[in-house]
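Structure data follow from query21.tsv (TSV, C-alpha atoms):
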chain	number	residue	atom	x	y	z
A	1110	MET	CA	-72.47	66.44	-13.29
A	1111	SER	CA	-75.51	64.29	-14.02
A	1112	HIS	CA	-77.32	64.27	-17.33
A	1113	THR	CA	-80.24	66.15	-15.74
A	1114	ALA	CA	-78.06	69.24	-15.34
A	1115	ILE	CA	-76.87	69.54	-18.96
A	1116	SER	CA	-76.92	73.26	-19.80
A	1117	ARG	CA	-78.48	73.76	-23.23
A	1118	PRO	CA	-81.67	75.28	-24.68
A	1119	VAL	CA	-84.76	73.08	-24.35
A	1120	ALA	CA	-86.03	72.26	-27.81
A	1121	SER	CA	-89.56	71.25	-26.78
A	1122	CYS	CA	-91.85	70.65	-23.81
A	1123	THR	CA	-91.43	66.93	-24.38
A	1124	LEU	CA	-87.68	67.12	-23.79
A	1125	LEU	CA	-88.24	69.20	-20.67
A	1126	VAL	CA	-90.64	66.62	-19.22
A	1127	ILE	CA	-88.18	63.82	-19.97
A	1128	ALA	CA	-85.36	65.71	-18.27
A	1129	LEU	CA	-87.46	66.39	-15.18
A	1130	CYS	CA	-88.67	62.82	-14.93
A	1131	ALA	CA	-85.12	61.53	-15.14
A	1132	GLY	CA	-84.11	63.70	-12.18
A	1133	VAL	CA	-86.82	62.73	-9.64
A	1134	THR	CA	-88.24	59.51	-8.29
A	1135	ALA	CA	-91.87	60.64	-8.63
A	1136	CYS	CA	-91.95	59.64	-12.30
A	1137	GLY	CA	-92.17	55.97	-11.52
A	1138	SER	CA	-88.55	55.21	-10.58
A	1139	ASP	CA	-87.80	53.09	-7.56
A	1140	GLY	CA	-84.86	55.33	-6.69
A	1141	ASN	CA	-82.27	53.10	-8.37
A	1142	PRO	CA	-80.61	55.02	-11.21
A	1143	LEU	CA	-80.35	51.80	-13.23
A	1144	SER	CA	-84.16	51.62	-13.36
A	1145	HIS	CA	-84.39	54.77	-15.51
A	1146	ARG	CA	-84.83	54.45	-19.23
A	1147	PRO	CA	-81.45	55.13	-20.92
A	1148	TYR	CA	-81.00	58.82	-21.66
A	1149	ASP	CA	-79.67	60.25	-24.92
A	1150	ALA	CA	-75.91	60.46	-24.43
A	1151	ALA	CA	-75.29	62.67	-27.48
A	1152	ASP	CA	-74.02	65.57	-25.34
A	1153	GLN	CA	-71.70	63.33	-23.33
A	1154	ILE	CA	-69.64	61.94	-26.21
A	1155	SER	CA	-67.79	63.10	-29.30
A	1156	PHE	CA	-67.20	61.06	-32.40
A	1157	ASN	CA	-64.49	61.51	-35.03
A	1158	ALA	CA	-66.55	60.35	-38.02
A	1159	PRO	CA	-69.14	62.45	-39.87
A	1160	SER	CA	-72.80	61.62	-39.46
A	1161	GLN	CA	-74.61	59.68	-42.15
A	1162	GLY	CA	-75.61	61.82	-45.13
A	1163	ARG	CA	-72.63	64.14	-44.80
A	1164	LYS	CA	-69.01	63.79	-45.86
A	1165	LYS	CA	-67.81	60.19	-45.76
A	1166	ALA	CA	-65.25	59.03	-43.21
A	1167	ASP	CA	-61.68	58.21	-44.14
A	1168	PRO	CA	-61.40	54.40	-43.80
A	1169	ASP	CA	-57.67	54.74	-43.18
A	1170	LYS	CA	-58.24	56.55	-39.88
A	1171	PRO	CA	-59.18	54.70	-36.68
A	1172	LEU	CA	-62.61	55.24	-35.21
A	1173	GLU	CA	-62.66	57.12	-31.90
A	1174	VAL	CA	-65.38	57.86	-29.33
A	1175	VAL	CA	-64.54	60.22	-26.43
A	1176	ALA	CA	-66.46	60.99	-23.22
A	1177	GLU	CA	-66.78	64.81	-23.09
A	1178	ASP	CA	-68.51	64.96	-19.70
A	1179	SER	CA	-65.96	64.68	-16.91
A	1180	ASP	CA	-68.61	63.25	-14.59
A	1181	GLY	CA	-69.63	60.50	-16.99
A	1182	ARG	CA	-67.90	57.63	-18.72
A	1183	ILE	CA	-68.23	55.24	-21.64
A	1184	THR	CA	-69.11	51.70	-20.57
A	1185	ASP	CA	-69.32	49.90	-23.91
A	1186	VAL	CA	-68.96	50.49	-27.66
A	1187	THR	CA	-70.08	48.11	-30.39
A	1188	ALA	CA	-69.28	48.98	-34.02
A	1189	TYR	CA	-70.21	46.91	-37.07
A	1190	ASP	CA	-70.87	47.37	-40.78
A	1191	ALA	CA	-73.82	46.42	-42.97
A	1192	ALA	CA	-72.17	43.07	-43.74
A	1193	GLY	CA	-72.13	42.16	-40.04
A	1194	ARG	CA	-68.38	42.63	-39.61
A	1195	TYR	CA	-67.52	43.85	-36.12
A	1196	VAL	CA	-64.76	46.36	-35.43
A	1197	ALA	CA	-62.35	45.42	-32.64
A	1198	GLY	CA	-61.53	48.20	-30.20
A	1199	GLU	CA	-60.10	49.16	-26.83
A	1200	LEU	CA	-61.83	51.09	-24.04
A	1201	ALA	CA	-59.67	53.09	-21.65
A	1202	ALA	CA	-59.76	51.95	-18.03
A	1203	ASP	CA	-61.40	55.21	-16.92
A	1204	GLY	CA	-64.04	55.00	-19.65
A	1205	GLY	CA	-62.86	58.25	-21.17
A	1206	ARG	CA	-62.02	57.00	-24.66
A	1207	TRP	CA	-62.66	54.08	-27.01
A	1208	HIS	CA	-60.75	53.57	-30.26
A	1209	SER	CA	-60.80	50.91	-32.96
A	1210	THR	CA	-57.91	48.47	-33.22
A	1211	SER	CA	-58.92	46.71	-36.42
A	1212	PRO	CA	-59.11	48.45	-39.81
A	1213	LEU	CA	-62.33	49.85	-41.23
A	1214	ALA	CA	-63.60	48.76	-44.61
A	1215	ALA	CA	-63.75	51.21	-47.49
A	1216	ASP	CA	-67.09	52.05	-49.10
A	1217	ALA	CA	-69.05	50.56	-46.18
A	1218	SER	CA	-71.88	51.67	-43.87
A	1219	TYR	CA	-71.24	51.45	-40.13
A	1220	THR	CA	-73.40	51.51	-37.01
A	1221	VAL	CA	-71.84	52.40	-33.66
A	1222	ARG	CA	-73.73	51.73	-30.41
A	1223	VAL	CA	-72.32	53.62	-27.42
A	1224	SER	CA	-73.30	52.96	-23.80
A	1225	THR	CA	-72.49	55.49	-21.05
A	1226	GLU	CA	-73.30	56.22	-17.44
A	1227	ASP	CA	-73.43	59.50	-15.53
A	1228	GLU	CA	-72.11	60.33	-12.07
A	1229	ASP	CA	-75.20	58.73	-10.51
A	1230	GLY	CA	-74.78	55.50	-12.45
A	1231	ALA	CA	-77.78	56.08	-14.73
A	1232	PRO	CA	-77.31	54.52	-18.19
A	1233	GLY	CA	-77.09	56.50	-21.41
A	1234	ARG	CA	-77.29	55.33	-25.00
A	1235	LYS	CA	-76.38	56.75	-28.39
A	1236	VAL	CA	-76.50	55.10	-31.81
A	1237	LEU	CA	-74.30	56.66	-34.48
A	1238	THR	CA	-74.10	55.83	-38.18
A	1239	PHE	CA	-71.59	56.80	-40.84
A	1240	ASP	CA	-70.28	55.74	-44.23
A	1241	THR	CA	-66.67	55.31	-45.28
A	1242	GLY	CA	-65.30	56.57	-48.58
A	1243	LYS	CA	-64.21	54.53	-51.55
A	1244	PRO	CA	-60.70	53.04	-51.52
A	1245	THR	CA	-57.98	55.20	-53.00
A	1246	SER	CA	-55.86	52.21	-53.99
A	1247	LYS	CA	-56.85	50.08	-56.96
A	1248	LYS	CA	-54.69	47.14	-55.87
A	1249	ARG	CA	-56.96	44.39	-54.54
A	1250	LEU	CA	-56.28	41.15	-52.75
A	1251	ASP	CA	-58.74	38.57	-54.04
A	1252	VAL	CA	-59.11	35.15	-52.41
A	1253	THR	CA	-60.08	31.84	-54.01
A	1254	PHE	CA	-61.07	29.03	-51.67
A	1255	GLY	CA	-60.65	25.34	-52.34
A	1256	PRO	CA	-61.58	22.60	-52.89
A	1257	LYS	CA	-64.70	22.93	-55.02
A	1258	ALA	CA	-68.05	22.57	-53.29
A	1259	GLY	CA	-68.90	18.91	-52.70
A	1260	THR	CA	-68.49	16.00	-50.29
A	1261	TYR	CA	-65.02	14.94	-49.14
A	1262	GLY	CA	-63.21	12.72	-46.68
A	1263	VAL	CA	-62.39	13.91	-43.17
A	1264	GLY	CA	-58.78	14.69	-44.09
A	1265	GLN	CA	-59.54	17.35	-46.72
A	1266	PRO	CA	-57.75	20.66	-45.96
A	1267	ILE	CA	-59.27	24.01	-46.90
A	1268	THR	CA	-57.08	26.14	-49.16
A	1269	ALA	CA	-56.98	29.89	-49.78
A	1270	GLU	CA	-55.17	31.20	-52.87
A	1271	LEU	CA	-54.32	34.93	-52.79
A	1272	SER	CA	-54.08	37.10	-55.90
A	1273	GLN	CA	-51.16	39.10	-54.43
A	1274	PRO	CA	-48.25	38.03	-52.22
A	1275	VAL	CA	-48.44	39.01	-48.54
A	1276	LYS	CA	-45.11	38.87	-46.73
A	1277	ASP	CA	-45.46	41.27	-43.80
A	1278	ARG	CA	-46.55	39.51	-40.60
A	1279	SER	CA	-48.94	42.26	-39.51
A	1280	GLN	CA	-50.58	42.26	-42.94
A	1281	ARG	CA	-50.85	38.48	-42.82
A	1282	ALA	CA	-52.65	38.83	-39.50
A	1283	VAL	CA	-55.23	41.14	-41.12
A	1284	VAL	CA	-55.79	38.63	-43.92
A	1285	GLU	CA	-55.94	35.60	-41.66
A	1286	ARG	CA	-58.32	37.26	-39.21
A	1287	ALA	CA	-60.76	37.90	-42.05
A	1288	LEU	CA	-60.77	34.33	-43.42
A	1289	LYS	CA	-63.49	32.55	-41.48
A	1290	VAL	CA	-63.99	28.78	-41.23
A	1291	SER	CA	-66.83	27.23	-39.24
A	1292	SER	CA	-68.12	23.70	-38.99
A	1293	ILE	CA	-71.12	21.81	-37.65
A	1294	PRO	CA	-70.24	19.99	-35.41
A	1295	ALA	CA	-67.74	22.61	-34.22
A	1296	THR	CA	-64.06	21.76	-34.13
A	1297	ASP	CA	-60.79	23.60	-33.45
A	1298	GLY	CA	-58.61	24.55	-36.39
A	1299	ALA	CA	-56.09	27.10	-37.70
A	1300	TRP	CA	-54.70	28.57	-40.91
A	1301	HIS	CA	-51.11	27.85	-41.91
A	1302	TRP	CA	-49.20	30.01	-44.39
A	1303	VAL	CA	-47.69	27.66	-46.97
A	1304	ASP	CA	-46.09	30.57	-48.81
A	1305	ASP	CA	-46.78	34.26	-49.52
A	1306	LYS	CA	-49.85	33.49	-51.63
A	1307	LYS	CA	-51.27	30.28	-50.19
A	1308	LEU	CA	-52.81	29.21	-46.89
A	1309	HIS	CA	-54.13	25.85	-45.72
A	1310	TYR	CA	-56.67	25.33	-42.94
A	1311	ARG	CA	-57.11	22.09	-40.99
A	1312	PRO	CA	-58.56	21.10	-37.63
A	1313	LYS	CA	-56.49	19.92	-34.71
A	1314	ASP	CA	-57.74	16.42	-35.49
A	1315	TYR	CA	-59.56	15.22	-38.60
A	1316	TRP	CA	-62.89	16.83	-39.46
A	1317	PRO	CA	-65.91	15.15	-37.85
A	1318	ALA	CA	-67.76	12.71	-40.08
A	1319	GLN	CA	-70.96	14.03	-41.66
A	1320	ALA	CA	-69.92	17.63	-40.98
A	1321	THR	CA	-70.82	20.83	-42.83
A	1322	ILE	CA	-67.91	23.25	-43.28
A	1323	GLN	CA	-68.41	26.86	-44.35
A	1324	VAL	CA	-65.64	29.20	-45.48
A	1325	ARG	CA	-65.96	32.91	-46.17
A	1326	SER	CA	-63.87	36.07	-46.39
A	1327	ASN	CA	-64.52	39.36	-44.59
A	1328	LEU	CA	-61.69	41.11	-46.45
A	1329	ALA	CA	-63.77	43.16	-48.91
A	1330	GLY	CA	-62.73	46.79	-48.57
A	1331	ILE	CA	-60.44	46.16	-45.58
A	1332	LYS	CA	-57.05	47.86	-45.62
A	1333	ILE	CA	-54.23	45.30	-45.73
A	1334	GLY	CA	-51.30	47.54	-46.62
A	1335	ASP	CA	-50.70	51.14	-47.66
A	1336	ARG	CA	-51.53	50.34	-51.26
A	1337	MET	CA	-53.73	47.28	-51.01
A	1338	ARG	CA	-57.24	46.49	-49.81
A	1339	GLY	CA	-59.21	43.29	-49.72
A	1340	GLY	CA	-61.37	42.23	-52.63
A	1341	LYS	CA	-64.38	39.98	-52.74
A	1342	ALA	CA	-64.27	36.21	-52.43
A	1343	LYS	CA	-66.86	33.58	-53.23
A	1344	PRO	CA	-67.83	31.67	-50.08
A	1345	LEU	CA	-67.48	27.89	-49.97
A	1346	THR	CA	-69.47	25.11	-48.35
A	1347	ILE	CA	-68.31	21.49	-48.29
A	1348	ASN	CA	-69.47	18.41	-46.44
A	1349	THR	CA	-67.64	15.42	-45.06
A	1350	ALA	CA	-68.73	11.81	-45.49
A	1351	ASP	CA	-67.93	8.84	-43.26
A	1352	LYS	CA	-64.50	8.72	-41.65
A	1353	VAL	CA	-62.46	6.42	-43.92
A	1354	ILE	CA	-58.79	5.75	-43.16
A	1355	ALA	CA	-56.61	3.21	-44.97
A	1356	VAL	CA	-53.47	2.21	-43.06
A	1357	THR	CA	-50.74	0.46	-45.04
A	1358	ASP	CA	-48.13	-1.40	-43.02
A	1359	ALA	CA	-45.26	-1.67	-45.51
A	1360	ALA	CA	-43.35	-4.15	-43.35
A	1361	ALA	CA	-46.37	-6.45	-42.94
A	1362	HIS	CA	-47.42	-5.94	-46.61
A	1363	ARG	CA	-51.01	-5.30	-45.54
A	1364	MET	CA	-53.55	-2.49	-45.80
A	1365	SER	CA	-56.26	-2.17	-43.14
A	1366	VAL	CA	-59.27	-0.05	-44.11
A	1367	TYR	CA	-61.29	1.55	-41.32
A	1368	LYS	CA	-64.72	3.13	-41.62
A	1369	ASN	CA	-65.85	5.24	-38.68
A	1370	ASP	CA	-63.06	3.64	-36.62
A	1371	GLU	CA	-64.13	0.05	-37.37
A	1372	ILE	CA	-62.04	-2.18	-39.61
A	1373	VAL	CA	-63.97	-3.20	-42.72
A	1374	ARG	CA	-61.33	-4.89	-44.90
A	1375	GLN	CA	-57.74	-6.12	-44.81
A	1376	ILE	CA	-55.93	-6.23	-48.14
A	1377	PRO	CA	-52.61	-7.89	-49.06
A	1378	VAL	CA	-50.42	-5.27	-50.77
A	1379	THR	CA	-46.97	-4.61	-52.12
A	1380	THR	CA	-45.21	-1.27	-51.69
A	1381	GLY	CA	-41.94	0.26	-52.88
A	1382	MET	CA	-38.89	-1.92	-53.38
A	1383	PRO	CA	-35.42	-0.85	-52.17
A	1384	GLY	CA	-34.46	2.37	-53.93
A	1385	TYR	CA	-38.14	3.24	-54.54
A	1386	GLU	CA	-39.48	3.01	-50.99
A	1387	THR	CA	-43.02	4.28	-50.42
A	1388	ARG	CA	-43.18	7.44	-48.36
A	1389	ASN	CA	-44.30	7.09	-44.76
A	1390	GLY	CA	-46.89	9.36	-43.23
A	1391	VAL	CA	-50.41	10.62	-43.75
A	1392	LYS	CA	-51.53	11.33	-47.30
A	1393	VAL	CA	-54.85	12.74	-48.45
A	1394	VAL	CA	-56.54	11.25	-51.51
A	1395	LEU	CA	-56.14	13.83	-54.29
A	1396	ALA	CA	-58.19	12.19	-57.04
A	1397	LYS	CA	-59.75	8.98	-58.30
A	1398	GLU	CA	-58.25	8.76	-61.77
A	1399	GLY	CA	-59.40	5.31	-62.85
A	1400	THR	CA	-57.30	4.05	-65.76
A	1401	VAL	CA	-53.85	5.64	-65.98
A	1402	ARG	CA	-50.80	5.03	-68.16
A	1403	MET	CA	-47.71	4.71	-65.96
A	1404	THR	CA	-44.20	4.74	-67.36
A	1405	SER	CA	-40.71	4.55	-65.93
A	1406	ALA	CA	-39.97	7.99	-67.43
A	1407	SER	CA	-42.55	9.63	-65.12
A	1408	ILE	CA	-40.47	8.82	-62.02
A	1409	GLY	CA	-37.02	8.48	-63.59
A	1410	ALA	CA	-36.81	4.74	-62.97
A	1411	SER	CA	-33.74	3.01	-64.38
A	1412	ASP	CA	-35.66	-0.14	-65.37
A	1413	PHE	CA	-38.18	0.38	-68.17
A	1414	TYR	CA	-41.91	-0.13	-67.80
A	1415	ASP	CA	-44.99	1.16	-69.63
A	1416	LEU	CA	-48.27	-0.03	-68.13
A	1417	ILE	CA	-51.98	0.71	-68.35
A	1418	VAL	CA	-53.14	0.64	-64.73
A	1419	HIS	CA	-56.74	0.39	-63.54
A	1420	HIS	CA	-58.58	1.59	-60.41
A	1421	SER	CA	-55.91	4.23	-59.78
A	1422	VAL	CA	-56.24	6.51	-56.73
A	1423	ARG	CA	-53.70	9.37	-56.61
A	1424	VAL	CA	-52.19	10.36	-53.23
A	1425	THR	CA	-49.24	12.56	-54.29
A	1426	ASN	CA	-48.57	15.03	-57.08
A	1427	SER	CA	-45.38	13.18	-57.99
A	1428	GLY	CA	-47.26	10.05	-59.00
A	1429	GLU	CA	-47.81	7.82	-55.99
A	1430	TYR	CA	-51.02	5.82	-56.35
A	1431	VAL	CA	-52.98	3.01	-54.79
A	1432	HIS	CA	-53.95	0.83	-57.76
A	1433	ALA	CA	-54.56	-2.60	-59.23
A	1434	ALA	CA	-51.35	-4.54	-59.86
A	1435	PRO	CA	-52.31	-7.99	-61.23
A	1436	TRP	CA	-48.70	-8.59	-62.33
A	1437	SER	CA	-47.50	-8.65	-58.68
A	1438	VAL	CA	-50.24	-10.72	-57.02
A	1439	GLY	CA	-47.68	-13.38	-56.06
A	1440	SER	CA	-45.73	-10.81	-54.03
A	1441	GLN	CA	-48.71	-9.06	-52.43
A	1442	GLY	CA	-48.76	-9.83	-48.73
A	1443	TYR	CA	-45.15	-11.09	-48.86
A	1444	ALA	CA	-42.72	-8.65	-50.50
A	1445	ASN	CA	-42.34	-5.06	-51.68
A	1446	VAL	CA	-41.69	-5.00	-55.42
A	1447	SER	CA	-43.31	-1.75	-56.70
A	1448	HIS	CA	-41.74	1.55	-57.76
A	1449	GLY	CA	-43.36	3.36	-54.81
A	1450	CYS	CA	-47.06	2.81	-55.38
A	1451	THR	CA	-49.26	0.55	-53.29
A	1452	GLY	CA	-50.38	-2.36	-55.45
A	1453	MET	CA	-53.13	-4.92	-54.86
A	1454	SER	CA	-55.21	-7.43	-56.78
A	1455	THR	CA	-57.74	-6.18	-59.31
A	1456	GLU	CA	-60.63	-7.34	-57.11
A	1457	ASN	CA	-59.31	-5.55	-54.03
A	1458	ALA	CA	-58.41	-2.44	-56.06
A	1459	ALA	CA	-61.95	-2.28	-57.48
A	1460	TRP	CA	-63.37	-2.48	-53.94
A	1461	PHE	CA	-60.95	0.17	-52.68
A	1462	TYR	CA	-61.75	2.47	-55.61
A	1463	GLU	CA	-65.46	2.12	-54.93
A	1464	ASN	CA	-65.16	2.84	-51.20
A	1465	ILE	CA	-62.63	5.69	-51.19
A	1466	ARG	CA	-63.22	9.34	-52.00
A	1467	GLU	CA	-61.21	12.55	-52.38
A	1468	GLY	CA	-60.15	13.80	-48.96
A	1469	ASP	CA	-59.96	10.36	-47.35
A	1470	ILE	CA	-56.80	9.35	-45.50
A	1471	VAL	CA	-54.14	6.91	-46.73
A	1472	LYS	CA	-51.48	6.38	-44.06
A	1473	VAL	CA	-48.25	4.44	-44.59
A	1474	ILE	CA	-46.26	3.07	-41.66
A	1475	ASN	CA	-43.10	0.98	-41.26
A	1476	SER	CA	-41.67	1.80	-44.69
A	1477	ALA	CA	-37.97	2.40	-45.19
A	1478	GLY	CA	-38.87	5.55	-47.14
A	1479	ASP	CA	-38.84	9.15	-45.97
A	1480	THR	CA	-41.91	10.81	-44.47
A	1481	MET	CA	-44.07	12.72	-46.90
A	1482	THR	CA	-43.41	16.46	-46.79
A	1483	PRO	CA	-46.26	18.65	-45.50
A	1484	PHE	CA	-46.49	20.77	-48.66
A	1485	GLY	CA	-45.49	20.69	-52.30
A	1486	ASN	CA	-46.39	17.11	-53.16
A	1487	GLY	CA	-50.07	16.97	-52.36
A	1488	PHE	CA	-51.65	17.31	-48.93
A	1489	GLY	CA	-49.17	16.19	-46.31
A	1490	ASP	CA	-50.64	18.68	-43.83
A	1491	TRP	CA	-51.40	16.03	-41.22
A	1492	ASN	CA	-47.72	15.12	-40.92
A	1493	LEU	CA	-47.22	18.25	-38.80
A	1494	GLU	CA	-48.06	17.97	-35.12
A	1495	TRP	CA	-50.70	20.47	-33.99
A	1496	LYS	CA	-48.11	22.58	-32.15
A	1497	GLN	CA	-46.04	22.81	-35.34
A	1498	TRP	CA	-49.10	23.58	-37.42
A	1499	ARG	CA	-50.01	26.55	-35.23
A	1500	THR	CA	-46.57	28.08	-35.74
A	1501	GLY	CA	-47.55	28.66	-39.37
A	1502	SER	CA	-50.37	30.99	-38.33
A	1503	SER	CA	-49.76	34.72	-37.95
A	1504	LEU	CA	-52.37	34.75	-35.18
A	1505	THR	CA	-51.63	31.66	-33.08
A	1506	ALA	CA	-47.85	31.28	-33.45
A	1507	GLY	CA	-46.21	31.59	-30.05
A	1508	THR	CA	-49.52	31.75	-28.19
A	1509	PRO	CA	-50.90	29.11	-25.80
A	1510	GLU	CA	-53.69	26.95	-27.11
A	1511	GLY	CA	-57.02	28.48	-26.12
A	1512	PRO	CA	-60.44	27.04	-25.23
A	1513	THR	CA	-61.82	24.22	-27.31
A	1514	ALA	CA	-64.61	24.73	-29.82
A	1515	ALA	CA	-67.04	23.15	-27.37
A	1516	ASP	CA	-65.94	25.55	-24.63
A	1517	ARG	CA	-66.40	28.54	-26.93
A	1518	ALA	CA	-69.83	27.33	-27.99
A	1519	ARG	CA	-70.95	27.31	-24.36
A	1520	LEU	CA	-69.63	30.85	-23.82
A	1521	ARG	CA	-70.75	32.31	-27.16
A	1522	PRO	CA	-73.81	34.61	-27.12
A	1523	GLN	CA	-76.81	33.13	-28.90
A	1524	SER	CA	-77.07	36.18	-31.15
A	1525	VAL	CA	-74.62	38.86	-32.20

Just dump the structure as structure tokens.
Amino acid sequence: MSHTAISRPVASCTLLVIALCAGVTACGSDGNPLSHRPYDAADQISFNAPSQGRKKADPDKPLEVVAEDSDGRITDVTAYDAAGRYVAGELAADGGRWHSTSPLAADASYTVRVSTEDEDGAPGRKVLTFDTGKPTSKKRLDVTFGPKAGTYGVGQPITAELSQPVKDRSQRAVVERALKVSSIPATDGAWHWVDDKKLHYRPKDYWPAQATIQVRSNLAGIKIGDRMRGGKAKPLTINTADKVIAVTDAAAHRMSVYKNDEIVRQIPVTTGMPGYETRNGVKVVLAKEGTVRMTSASIGASDFYDLIVHHSVRVTNSGEYVHAAPWSVGSQGYANVSHGCTGMSTENAAWFYENIREGDIVKVINSAGDTMTPFGNGFGDWNLEWKQWRTGSSLTAGTPEGPTAADRARLRPQSV
């Protein structure tokens, strides 16, 4: 049955004229049903949420739109809230029913745009609005992003600290899907669950130099579990500087510093002696601490020392630094005599301190030490291969790697 044959009282002469014009070609149509202006599909669909201004919808129930006319079908449904968060959904193959597959937010206003077509292929439209009720649970999951706003090196991971533990995989997927990271230039990346309350985000490769990275949460009001909904989170914007990577070859006793992939300085160094070998792997600069008192007690060394050390750059939580070591200048470039730190002359350490920043990369190769662990002692995130990193995501684990960021940018609509 076409929309022109809907049996209901005519409310006005205007509606009657519209109905007649839609049914004949003399009203300016070229005979193609797709050339008609979209008709009001209100009588062809039903909707399981109350209209705006009436009772509020239960956010715990999925949204459903059903085609009531057996001769028509739903062709598309777009649902989103006032914050611009879209609701994922599935449309039946016959166009008879659409239902949401992602949770609705509590205490939110939604707009639903429904497209239909009748038996003749003419398009119909209906825009529906509704509000959801307030959350019944008082338990909230708040998110705090890190690091603080500022400019960092290209190795800086993004962190998300949760106020409540999330153990269930399906609940983790809800959380992870709502934590959004974007960058200009665009790059591929993924979240990795470090534990039940902490996630790290990093790209497949290092961040681009001179990039702007924005982080936000869409969790507010979203149901995560039976007794928990998402809370608000302060968005974060950071920038990256030049790409600076310092590579220490412990066997050659030399550090090579690269800026934007060009070597800018080679520095004679000494690293950890036998029994105190410097950890191999990629480390991210945690802080520039300047002058630091270092003692044997801090690392449990058997031989006593108590030193005031200048130009100190921390790379692990346990106390590994790159710093000035004037007492070992004779060994720098020739032997490893430190207790695990990377030592250099005061002049070279001052230069390094001036040209390094938080988030830059310090990589150690050819040491007899173990490889730095990914988590728990600073940012060892880059010591996981990309395939391993993706296994820590509740969304990408076990899935093939998808299109690149550049591919998605070409396919992405210009406006949403």

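When atom CA of Asn1492 of chain A is paired with atom CA of Val1263 of chain A, their separation reads 14.9 Å.
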
task: Name the residues in contact with Asn1475 of chain A at a cut-off of 12 Å, using all atoms listed in the file, excluding same-chain residues fewer than 4 positions from it; report them as JSON, numbers by chain.
output: {"A": [1356, 1357, 1358, 1359, 1360, 1361, 1362, 1363, 1364, 1380, 1381, 1386, 1387, 1388, 1389, 1390, 1479, 1480]}

- request: Find the residues around segment 1211-1224 of chain A up to 8 Å (all atoms listed in the file counted), leave out those fewer than 6 positions away in its own chain, and share them as a PyMOL selection string.
  value: chain A and resi 1150+1168-1171+1183-1191+1196-1198+1232-1244+1329-1332

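For the pair atom CA of Asp1167 of chain A and atom CA of Asp1335 of chain A, the interatomic distance is 13.5 Å.
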
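Between atom CA of Gly1339 of chain A and atom CA of Asp1251 of chain A the interatomic distance comes to 6.4 Å.
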
- request: For Ala1396 of chain A, list every protein, DNA or RNA residue within 9 Å, evaluated using only C-alpha atoms, and leave out those in the same chain fewer than 4 positions away; present the list as a PyMOL selection string.
  value: chain A and resi 1421-1424+1466-1468

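Across A:Gln1153, A:Ser1326, A:Gln1265, A:Ser1437, the tightest approach to Asp1314 of chain A is made by A:Gln1265 when counting only C-alpha atoms.
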
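Distances from A:His1419, A:Lys1496, A:Lys1343, A:Arg1402 to Lys1257 of chain A were compared using only C-alpha atoms, and the smallest one belongs to A:Lys1343.
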
May I have the residues within 8 Å of Ala1459 of chain A as a JSON list (two decimals) with C-alpha atoms, in the coordinates of the input, using all atoms listed in the file and disregarding those fewer than 3 positions away in the same chain?
[["chain", "number", "residue", "atom", "x", "y", "z"],
["A", 1420, "HIS", "CA", -58.58, 1.59, -60.41],
["A", 1433, "ALA", "CA", -54.56, -2.60, -59.23],
["A", 1455, "THR", "CA", -57.74, -6.18, -59.31],
["A", 1456, "GLU", "CA", -60.63, -7.34, -57.11],
["A", 1462, "TYR", "CA", -61.75, 2.47, -55.61],
["A", 1463, "GLU", "CA", -65.46, 2.12, -54.93]]

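The smallest atom-to-atom distance between Ala1287 of chain A and any of A:Thr1321, A:Thr1225, A:Asn1445, A:Asn1327, using all atoms listed in the file, is found for A:Asn1327.
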
From the coordinates I just gave you, please extract segment 1215-1234 of chain A so that only C-alpha atoms remain, then output it as a compact mmCIF listing (two decimals), in the first residue's frame.
# COMPACT_ATOMS: atom_id res chain seq x y z
CA ALA A 1215 20.72 8.79 31.16
CA ASP A 1216 19.33 12.32 31.51
CA ALA A 1217 19.98 13.11 27.83
CA SER A 1218 17.99 14.51 24.89
CA TYR A 1219 17.91 12.42 21.71
CA THR A 1220 16.99 13.06 18.09
CA VAL A 1221 16.09 10.14 15.82
CA ARG A 1222 15.92 10.60 12.04
CA VAL A 1223 14.07 7.80 10.25
CA SER A 1224 14.06 7.29 6.48
CA THR A 1225 11.48 5.01 4.81
CA GLU A 1226 10.17 4.12 1.39
CA ASP A 1227 6.74 2.91 0.27
CA GLU A 1228 5.84 0.17 -2.19
CA ASP A 1229 6.49 2.56 -5.10
CA GLY A 1230 9.93 3.51 -3.83
CA ALA A 1231 8.96 7.04 -2.79
CA PRO A 1232 10.97 8.30 0.20
CA GLY A 1233 9.49 9.12 3.59
CA ARG A 1234 11.00 10.96 6.52
